[in-house]
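Colleague: Please find structure09.txt (compact mmCIF, C-alpha atoms) on the next line:
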```txt
# COMPACT_ATOMS: atom_id res chain seq x y z
CA MET A 1 -25.16 19.31 -4.75
CA SER A 2 -22.57 20.58 -2.25
CA SER A 3 -18.83 20.58 -2.67
CA VAL A 4 -16.21 19.93 -0.04
CA HIS A 5 -13.21 22.23 -0.07
CA LEU A 6 -10.20 21.44 2.09
CA THR A 7 -7.43 23.82 2.91
CA PRO A 8 -3.94 22.41 3.61
CA ASN A 9 -4.46 22.44 7.38
CA GLN A 10 -7.78 20.58 6.96
CA SER A 11 -6.45 17.78 4.77
CA GLN A 12 -7.71 14.37 5.74
CA THR A 13 -4.91 12.11 4.61
CA ALA A 14 -4.40 8.69 6.11
CA ALA A 15 -1.32 8.01 8.18
CA ILE A 16 1.08 6.33 5.80
CA ALA A 17 4.29 4.75 7.01
CA MET A 18 7.01 5.66 4.51
CA PRO A 19 10.67 4.63 4.60
CA PRO A 20 12.96 7.23 6.18
CA GLY A 21 13.96 9.87 3.68
CA TRP A 22 11.26 8.90 1.15
CA ARG A 23 9.92 11.81 -0.87
CA PRO A 24 6.91 11.64 -3.20
CA ASP A 25 8.58 14.03 -5.62
CA PRO A 26 11.71 16.18 -5.71
CA SER A 27 9.84 19.42 -4.97
CA GLY A 28 10.45 19.06 -1.24
CA LEU A 29 6.78 19.20 -0.20
CA ASP A 30 5.91 17.27 2.92
CA LEU A 31 3.44 14.41 2.48
CA ASP A 32 0.32 16.37 3.57
CA ASP A 33 1.19 19.25 1.24
CA TRP A 34 1.92 16.82 -1.57
CA PHE A 35 -1.48 15.14 -1.20
CA PHE A 36 -3.17 18.52 -1.12
CA GLU A 37 -1.22 19.79 -4.12
CA PHE A 38 -1.84 16.75 -6.31
CA GLY A 39 -4.99 15.26 -4.78
CA PHE A 40 -7.43 17.90 -5.99
CA GLY A 41 -8.11 18.83 -9.57
CA PRO A 42 -10.59 21.22 -11.08
CA GLN A 43 -14.16 20.67 -9.96
CA ALA A 44 -16.66 19.58 -12.56
CA GLU A 45 -20.24 18.40 -12.39
CA PRO A 46 -20.50 14.76 -13.39
CA ALA A 47 -22.37 14.16 -16.63
CA PHE A 48 -24.51 11.47 -14.98
CA PHE A 49 -25.97 11.19 -11.51
CA THR A 50 -24.98 7.51 -11.16
CA ILE A 51 -22.59 5.08 -12.79
CA LEU A 52 -25.60 3.07 -13.93
CA ALA A 53 -27.13 6.13 -15.65
CA GLY A 54 -23.87 6.78 -17.50
CA PHE A 55 -23.56 3.15 -18.52
CA GLU A 56 -27.16 2.98 -19.78
CA HIS A 57 -26.65 6.23 -21.71
CA PHE A 58 -23.73 4.74 -23.62
CA ALA A 59 -25.64 1.49 -24.14
CA ASP A 60 -28.32 3.61 -25.87
CA VAL A 61 -26.13 5.95 -27.92
CA ALA A 62 -23.20 3.64 -28.72
CA PRO A 63 -24.42 0.04 -28.37
CA GLN A 64 -21.72 -1.44 -30.63
CA THR A 65 -18.82 0.27 -28.84
CA ARG A 66 -16.58 -1.92 -26.70
CA ALA A 67 -17.50 -1.49 -23.07
CA VAL A 68 -15.20 -4.05 -21.43
CA GLU A 69 -12.13 -5.92 -22.53
CA CYS A 70 -10.60 -8.83 -20.66
CA GLY A 71 -7.64 -10.48 -22.32
CA SER A 72 -8.72 -11.07 -25.91
CA ASP A 73 -12.43 -11.12 -25.00
CA TRP A 74 -14.67 -8.07 -25.16
CA ILE A 75 -18.32 -7.09 -24.94
CA SER A 76 -20.14 -4.07 -26.34
CA TYR A 77 -22.24 -1.65 -24.31
CA GLY A 78 -25.42 -2.97 -25.93
CA ASP A 79 -24.60 -6.62 -25.28
CA LEU A 80 -23.43 -5.89 -21.74
CA ASN A 81 -26.64 -4.00 -21.00
CA ALA A 82 -28.80 -6.79 -22.45
CA ALA A 83 -26.93 -9.45 -20.44
CA ALA A 84 -27.18 -7.38 -17.24
CA GLU A 85 -30.93 -6.94 -17.80
CA ARG A 86 -31.41 -10.70 -18.27
CA LEU A 87 -29.38 -11.45 -15.17
CA ALA A 88 -31.23 -8.79 -13.14
CA PHE A 89 -34.51 -10.42 -14.18
CA GLN A 90 -33.23 -13.84 -13.05
CA LEU A 91 -32.05 -12.39 -9.74
CA ALA A 92 -35.47 -10.81 -9.20
CA GLU A 93 -37.14 -14.16 -9.93
CA LEU A 94 -34.94 -15.67 -7.19
CA GLY A 95 -36.21 -13.07 -4.72
CA VAL A 96 -33.39 -10.50 -4.81
CA ARG A 97 -34.78 -7.04 -4.10
CA HIS A 98 -33.55 -3.48 -3.65
CA GLY A 99 -31.12 -3.38 -0.72
CA ASP A 100 -30.32 -7.11 -0.75
CA ALA A 101 -26.80 -8.49 -0.94
CA VAL A 102 -25.67 -10.62 -3.86
CA GLY A 103 -22.41 -12.53 -3.64
CA LEU A 104 -20.14 -12.10 -6.63
CA PHE A 105 -17.67 -14.94 -6.12
CA LEU A 106 -15.48 -15.36 -9.18
CA ARG A 107 -12.38 -14.05 -10.92
CA ARG A 108 -12.05 -10.76 -12.77
CA SER A 109 -13.84 -11.25 -16.05
CA ILE A 110 -16.56 -9.95 -18.33
CA PRO A 111 -19.16 -11.99 -16.43
CA MET A 112 -18.07 -10.14 -13.28
CA VAL A 113 -19.00 -6.81 -14.89
CA VAL A 114 -22.33 -8.26 -16.05
CA GLY A 115 -23.01 -9.26 -12.42
CA ILE A 116 -22.11 -5.81 -11.13
CA PHE A 117 -24.48 -4.04 -13.51
CA ALA A 118 -27.26 -6.57 -12.87
CA CYS A 119 -27.02 -5.78 -9.14
CA LEU A 120 -27.00 -2.04 -9.79
CA LYS A 121 -30.12 -2.36 -11.96
CA LEU A 122 -31.97 -4.00 -9.06
CA GLY A 123 -30.61 -1.65 -6.43
CA ALA A 124 -28.99 -4.63 -4.75
CA TYR A 125 -25.43 -4.45 -3.55
CA TYR A 126 -22.78 -6.85 -4.72
CA VAL A 127 -20.23 -8.43 -2.44
CA PRO A 128 -17.19 -9.24 -4.59
CA GLN A 129 -14.82 -12.02 -3.58
CA HIS A 130 -11.96 -13.31 -5.70
CA ILE A 131 -12.10 -17.09 -5.87
CA GLY A 132 -8.64 -18.48 -5.34
CA VAL A 133 -7.65 -15.58 -3.08
CA ALA A 134 -10.39 -15.66 -0.42
CA SER A 135 -10.35 -18.81 1.69
CA GLU A 136 -13.36 -21.11 1.93
CA ASP A 137 -13.88 -20.01 5.55
CA SER A 138 -13.84 -16.36 4.47
CA LEU A 139 -16.36 -17.03 1.71
CA ARG A 140 -18.63 -18.88 4.13
CA HIS A 141 -18.36 -16.06 6.70
CA ILE A 142 -19.02 -13.30 4.16
CA SER A 143 -22.02 -15.18 2.76
CA ALA A 144 -23.47 -15.58 6.24
CA VAL A 145 -22.82 -12.02 7.42
CA THR A 146 -24.27 -10.40 4.28
CA ARG A 147 -27.20 -12.85 4.14
CA ALA A 148 -26.75 -13.10 0.38
CA LYS A 149 -29.61 -15.15 -1.06
CA VAL A 150 -27.81 -15.65 -4.35
CA ILE A 151 -24.15 -16.11 -5.20
CA LEU A 152 -23.20 -15.18 -8.76
CA SER A 153 -20.26 -17.03 -10.23
CA ILE A 154 -18.83 -18.66 -13.35
CA ALA A 155 -18.65 -22.36 -14.14
CA ASP A 156 -14.93 -22.82 -13.46
CA CYS A 157 -15.31 -21.32 -9.94
CA ALA A 158 -18.64 -22.82 -8.90
CA ASP A 159 -17.20 -25.92 -7.23
CA GLN A 160 -15.08 -23.72 -4.92
CA ILE A 161 -18.04 -21.87 -3.40
CA PRO A 162 -19.43 -23.04 -0.05
CA LEU A 163 -23.18 -22.44 -0.06
CA GLY A 164 -25.24 -21.89 3.07
CA ALA A 165 -28.68 -23.47 3.53
CA PRO A 166 -30.95 -20.93 1.79
CA GLN A 167 -28.38 -19.80 -0.80
CA GLN A 168 -28.40 -20.51 -4.49
CA ILE A 169 -25.64 -20.19 -7.05
CA LEU A 170 -26.37 -18.62 -10.41
CA LEU A 171 -23.85 -18.95 -13.25
CA ILE A 172 -23.48 -15.68 -15.11
CA GLU A 173 -22.35 -17.30 -18.37
CA ASP A 174 -25.87 -18.66 -18.76
CA THR A 175 -27.07 -15.10 -19.43
CA LEU A 176 -24.42 -14.19 -22.02
```
How would this structure read if it were set down as structure tokens?

Modeller:
Amino acid sequence: MSSVHLTPNQSQTAAIAMPPGWRPDPSGLDLDDWFFEFGFGPQAEPAFFTILAGFEHFADVAPQTRAVECGSDWISYGDLNAAAERLAFQLAELGVRHGDAVGLFLRRSIPMVVGIFACLKLGAYYVPQHIGVASEDSLRHISAVTRAKVILSIADCADQIPLGAPQQILLIEDTL
């Protein structure tokens, strides 16, 4: 695994328009120096090669530990892993394969995380869209461009999702 090391004159910061006189901190560093100074920490090898591998490790060693909290709701690593496996199986039955797109059209929630991990388990990629923020035209366009065969959602968002001809909607709550 190779590492990338940048020196201050090689920094690759985006051009950011800041108000005149704005300073990120009182030390007097210019913006590029500030990003270099505070944008790099000590290098460490990650404990897991992928996010999915790390997640599945904790599902095995600490299945009762809370993995996700949303408001007053929560789900353990073990339950989240089991739900993601069930949903991945359902997606596979609907023809989703490695490299396919899956729409994830809903609001931030525990079912959203179940959908993310189900996609990762299949090697599919998820296309998240926040219902209520993205317009119907945007949702229709994104569905068409990504050729998502399946749109994952939750019951209270399902009626706001425009489906294309070959698309199906799958409610994530049904797997919880």

Colleague: Padding 6 Å on every side, please: axis-aligned box over the listed atoms of region 44-63 of chain A, centre and edge lengths to one decimal in Å, as AutoDock Vina command-line options.

Modeller:
```
--center_x -22.5 --center_y 9.8 --center_z -19.9 --size_x 23.7 --size_y 31.5 --size_z 29.6
```

Colleague: So, with all atoms listed in the file as the atoms that count, which of A:Met112, A:Leu171, A:Ile161, A:Val145 lies closest to Pro128 (chain A)?

Modeller: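 Comparing A:Met112, A:Leu171, A:Ile161, A:Val145 against Pro128 (chain A), the winner is A:Met112.
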
Colleague: Do you have the CA of Leu91 (chain A)-CA of Gly54 (chain A) distance handy?

Modeller: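 Atom-to-atom, CA of Leu91 (chain A) to CA of Gly54 (chain A), that is 22.2 Å.
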
Colleague: Neighbouring residues of Ala165 (chain A) were defined as those with any atom within 12 Å, considering only C-alpha atoms; residues of the same chain fewer than 2 positions away were excluded. Please report them as an MDAnalysis selection string.

Modeller: chainID A and resid 140 143:144 147:150 162:163 167:169

Colleague: Hey, which of A:Gly123, A:Pro46, A:Gly132, A:Pro111 ends up closest to Leu170 (chain A)? Count all atoms listed in the file.

Modeller: A:Pro111

Colleague: Between A:Leu176, A:Ile154, A:Ala62, A:Val127, which has the minimum distance to Leu104 (chain A) (counting only C-alpha atoms)?

Modeller: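 Checking each candidate against Leu104 (chain A), we get A:Val127 as the closest.
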
Colleague: Find, counting only C-alpha atoms, the residue in A:Val113, A:Cys70, A:Ala124, A:Ile151 that gets nearest to Val96 (chain A).

Modeller: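 Closest to Val96 (chain A), using only C-alpha atoms: A:Ala124.
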
Colleague: At what distance in Å, to one decimal, does CA of Phe58 (chain A) lie from CA of Glu45 (chain A)?

Modeller: 18.0 Å

Colleague: Check the smallest atom-to-atom distance from each of A:Glu56, A:Asp73, A:Asp174, A:Glu93 to Leu120 (chain A) using all atoms listed in the file, then report the winner.

Modeller: A:Glu56
